[in-house]
Each structure stands twice: as structure tokens, then as C-alpha cells.
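Engineer: Pasting a structure below so you can have a look.
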Amino acid sequence: MWKKILVPTDGSELAGKAIAEAVDYARVAGATLVAFSVAQPYPLLPAVDGAMLIDPAIDSAEMQRVAQETVDAVASVARAGGVKCETHTSLSFLPYEEIIRAAAEYGCDAIFMASHGRRGLSKLIAGSQTQKVLAYAKVPVVVFRPALPVD
């Protein structure tokens, strides 16, 4: 059984459902959770004809503050479930690389994360951090997925 589980979160509703499942598993297994959130900075882009392409009011410090609030919420859920939980954040353009790095740095023997289950063009455009973690992680990855819509 896994004893230290990295739980990456973006603060979404789906991630919240995955966290609840991770807390349940950790309680039964006697594992510790490591809540982890990656703040993604916006790339600096030049203005086009005087129009800003990004909101300059949103900076990396604010994004890191939100990431910390996100992992603090996970820790709160874990505590309520009787599970020990560490919290960590990172700032990176490549969340999947940070997730894999964090699993190694914090001594995690598994990663438990959500997948939005995107298909088709949406998956191609949005990419999948979960798919990349599955492809490159050196520890087992448990993926919590929503039920796919019936076509």
C-alpha cells in the first residue's frame, strides 16, 4: 500500500471529487497526503496596437497565493477526514513536470489526480497534464475521471 500520496489540484470541482477519494484511500491505508498546486504564470506578451493581451493585474504572486489557498483547502478536507496532509505549491509553465518533480522531492510513492476526460478537439487544444504525468511519472498514478457523457 502507498504511504505518501501526491494529490495535485487545480481547485476545480472535479479535483475536489478526486481529493475526497484520495482522503478516503489515505484514511484506510494510513497514508499521508501531499497537496500540491502549480501556479501557472502568464507568458509576457507584447501589446498589439496598444491592446494588452493579458490582464497585467494578475501576477505570479497572486497566482501563488491562490495556489496556496487551494492546497490549504485540501489540507482542511484531509484533517476533517483524520488524514495527515502536507501542502506545497510551485510556479511553472509546465504543471506536469512540476507534479513529477514534486512526487520525487517529497518522497511520494504514488500520485492521485483528476482527469477532465476531454475528448476530440477539446483534448487536442487543451492538452492533458494528466496524460503527461501518466507518460513520464516514475511512480504509480491513480486517475479519477468523471463519467463520460452518453452519446
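Residues are named by chain letter and number: chains run A, B, ... in the order of the C-alpha cells, numbers start at 1 in each chain, and ligands are numbered from 1 in the order shown.
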Write out as a PyMOL selection string which residues come within 6 Å of segment 83-91 of chain A when counting only C-alpha atoms, dropping same-chain ones fewer than 2 positions away.
Structural biologist: chain A and resi 27+32-40+71+75+78-79+81
Engineer: Would you compute the distance between atom CA of Ser92 of chain A and atom CA of Gln64 of chain A? Give it in Å to one decimal.
Structural biologist: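 It comes out at 10.3 Å.
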Engineer: Using only C-alpha atoms, which protein or nucleic acid residues come within 6 Å of segment 143-146 of chain A? Drop anything in the same chain fewer than 3 positions from it, and give the result as a ChimeraX atom specification.
Structural biologist: /A:18,113-115
Engineer: Using the selection just defined, write its residues with C-alpha atoms as a PDB file, in the first residue's frame.
Structural biologist:
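The resulting result11.pdb:
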```
ATOM      1  CA  ALA A  18     -10.637  13.305  -6.578  1.00  0.00           C
ATOM      2  CA  MET A 113      -5.103  13.133  -9.650  1.00  0.00           C
ATOM      3  CA  ALA A 114      -8.185  14.028 -11.618  1.00  0.00           C
ATOM      4  CA  SER A 115      -8.623  13.993 -15.366  1.00  0.00           C
TER       5      SER A 115
END
```
Engineer: Which one of A:Lys138, A:Ala29, A:Ala67, A:Ile99 sits closest to Trp2 of chain A if you count only C-alpha atoms?
Structural biologist: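 The shortest atom-to-atom distance to Trp2 of chain A comes from A:Ala29.
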Engineer: Counting only C-alpha atoms, which of A:Ala61, A:Ile19, A:Ala103, A:Ala31 gets nearest to Ala73 of chain A?
Structural biologist: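 The closest residue to Ala73 of chain A is A:Ile19.
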Engineer: Just list as an NGL selection string whatever in segment 52-86 of chain A DSSP marks as helix (DSSP H, G or I).
Structural biologist: :A and (60-80)
Engineer: What is the atom CA of Asp59 of chain A-atom CA of Gln129 of chain A distance in Å, reported with one decimal?
Structural biologist: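 Computing it gives 22.2 Å between the two atoms.
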Engineer: Considering only C-alpha atoms, can you say which of A:Ala22, A:Val66, A:Ala15, A:Ala80 comes closest to Val142 of chain A?
Structural biologist: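 Among the listed residues, the smallest separation from Val142 of chain A belongs to A:Ala22.
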Engineer: For atom CA of Glu62 of chain A and atom CA of Thr9 of chain A, determine how far apart the two atoms are, in Å to one decimal place.
Structural biologist: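 Atom CA of Glu62 of chain A sits 16.9 Å away from atom CA of Thr9 of chain A.
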